[in-house]
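Below you'll find the structure, written out as structure tokens, and then a few comments.
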Amino acid sequence: MKYRMEKNPLTLEAERELTSEIRQLAGSPEAGETSRPADAYWQNLIIRINRKIDNATSARALSISWAARVAIPGVVAIVSFLVGLHYYVPDAARREPSVAEVLLALPPAAMDSLLVDPSRLDPSLSVEDVSANLFVFSRQQIAEYFIDNGNPGAAVDGISDREANTVLAVLSSEYKQRTGDMP
Amino acid sequence: MEPRSDIDLVQEVRNGRRQAFTELMRRYQERVYWVARRIVGSHDDADDVVQETFVKAYLALGEFRGDSSFFTWIYRIAVNLSLNTLRKRQVLNYLHESELLSRILPSADDPAKELENSETHSALQRAVATLPEKQKAVFVLRYYDEMTYEEIGRVLKTSVGGLKANYFHALRKVREYMRNEIQDGEKPPHA
């Protein structure tokens with residue numbers, strides 16, 4: 001018998017033998033079963049569990065309402081802000097400078113020569129006249145300025161391709177015209 | 001009037017009838033209590049486990065798909081929580097020891113001794129307390145609850161072969177412990 005148990009210990013028969021031996025041992029006066037809680041305990045246990053469920057569900061409801069009122073709108077606002085920041089601010093930063101901006105960045109002496117229409121240049125010119133002429137100048141005036149004042153390429157570095165092309169086209173035609181006029 | 005099935009009660013709870021869950025608790029509280037008590041070994045811990053089991057079950061009732069019975073599902077929660085309680089206790093014991101609190105607290109080297117110190121327990125319970133946690137869970141479900149290996153497999157999510165091996169190891173250890181205990185009890189005090 002012992003040999004069979006060693007050989008194949010996981011049989012139902014072997015399990016029954018072991019179990020019944022343990023039950024016999026546990027049935028001895030020294031090995032009594034643990035005492036059962038009083039009947040009132042069970043009723044009280046249900047009340048306590050129900051109270052815990054109430055607390056847990058109200059805490060969960062609170063957290064859901066908090067999420068609905070505060071967290072979700074907050075997250076939406078932050079995400080919207082970040083999306084806006086990504087799509088609009090970089091666009092603004094990437095905006096090409098206008099011709100006016102390029103010209104404003106020029107040295108004051110160069111500016112003075114552009115502010116006033118040379119045809120109206122007069123010692124009696126008032127400030128109002130100058131202001132009225134501000135940035136109102138012809139393509140020809142711009143071209144003349146660039147040709148007379150050094151490297152035209154450097155002046156167009158900071159402007160958009162479209163504006164640069166316009167300026168360079170004007171310069172080119174003006175330059176050809178002048179060189180053609182030269183003896 | 002025929003009693004409603006567990007599935008019917010679960011459906012009622014889902015439909016918002018809380019009273020149906022109280023009915024489910026009434027049905028299973030004692031069984032859940034005893035499985036927890038036999039694993040954790042003390043009334044207070046078992047009491048905590050039962051409460052936590054039902055609260056967890058109530059909150060997770062939406063996830064209960066009915067693949068297994070409600071009883072199996074709730075048993076699984078109870079066994080897992082009981083094993084967690086044992087693990088927490090082991091960690092606490094370790095911390096107590098490391099903080100030299102072992103001088104004033106009962107020794108945690110021997111789980112059976114600890115159990116003996118905390119409450120008056122039977123020899124069988126002390127024997128069960130010495131088992132590793134997996135064997136303990138299988139022993140409780142098979143020996144006390146007389147569940148089939150298939151049912152235990154569904155509760156513990158383990159193969160039947162593994163469960164049988166665990167149960168046999170547990171049975172042998174318990175038998176040896178009890179034999180020794182009874183032999184010691186029969187010896188005269190100063191022999």
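Order determines the names: the first chain of the structure tokens is A, the second B, and so forth; residues in each chain are numbered 1 upward, and ligands are numbered 1 upward as they are shown.
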Inset, instruction - Pull out every residue of chain B that has at least one atom within 9 Å of chain A, counting only C-alpha atoms, and report them as number ranges by chain. - result: B: 22, 25-26, 29-30, 43, 47, 50-52, 54-56, 58-59, 120-125, 143, 164-165, 167-168, 171-172, 174-175, 178-179, 182, 185
(message) List as number ranges by chain the protein and nucleic acid residues near B:Ala78, meaning an atom at most 10 Å away when only C-alpha atoms are counted, but skip any in the same chain fewer than 4 places from it.
(response) B: 31-33, 35-36, 39, 46, 49-54, 56-57, 72-74, 82-84, 155
Practice problem: Tell me, in Å to one decimal, how far atom CA of B:Val79 is from atom CA of B:Lys157. | Solution: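 A separation of 11.3 Å between them.
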Q. Out of stretch 20-163 of chain B, which residues get alpha helix (DSSP H) from DSSP, as a ChimeraX atom specification?
A. /B:20-40,43-59,70-98,111-118,123-129,133-139,149-156,160-163
Find the distance between atom CA of B:Asn93 and atom CA of B:Trp34 and write it in Å to one decimal.
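Computed distance, atom CA of B:Asn93 to atom CA of B:Trp34, equals 23.9 Å.
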Can you tell me which residues surround stretch 131-137 of chain B at a distance of at most 6 Å, considering only C-alpha atoms, apart from same-chain residues fewer than 2 positions away, and format the answer as an mmCIF file with C-alpha atoms, in the first residue's frame?
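Writing done, so here's out-v5.cif:
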data_model
loop_
_atom_site.group_PDB
_atom_site.id
_atom_site.type_symbol
_atom_site.label_atom_id
_atom_site.label_comp_id
_atom_site.auth_asym_id
_atom_site.auth_seq_id
_atom_site.Cartn_x
_atom_site.Cartn_y
_atom_site.Cartn_z
ATOM 1 C CA VAL B 128 -2.567 25.274 8.227
ATOM 2 C CA ALA B 129 -0.768 28.428 9.295
ATOM 3 C CA PHE B 139 -6.097 23.259 1.434
ATOM 4 C CA VAL B 140 -8.801 25.596 2.724
ATOM 5 C CA ASN B 166 -0.203 21.438 -3.961
ATOM 6 C CA ALA B 170 -0.361 20.419 2.089
#
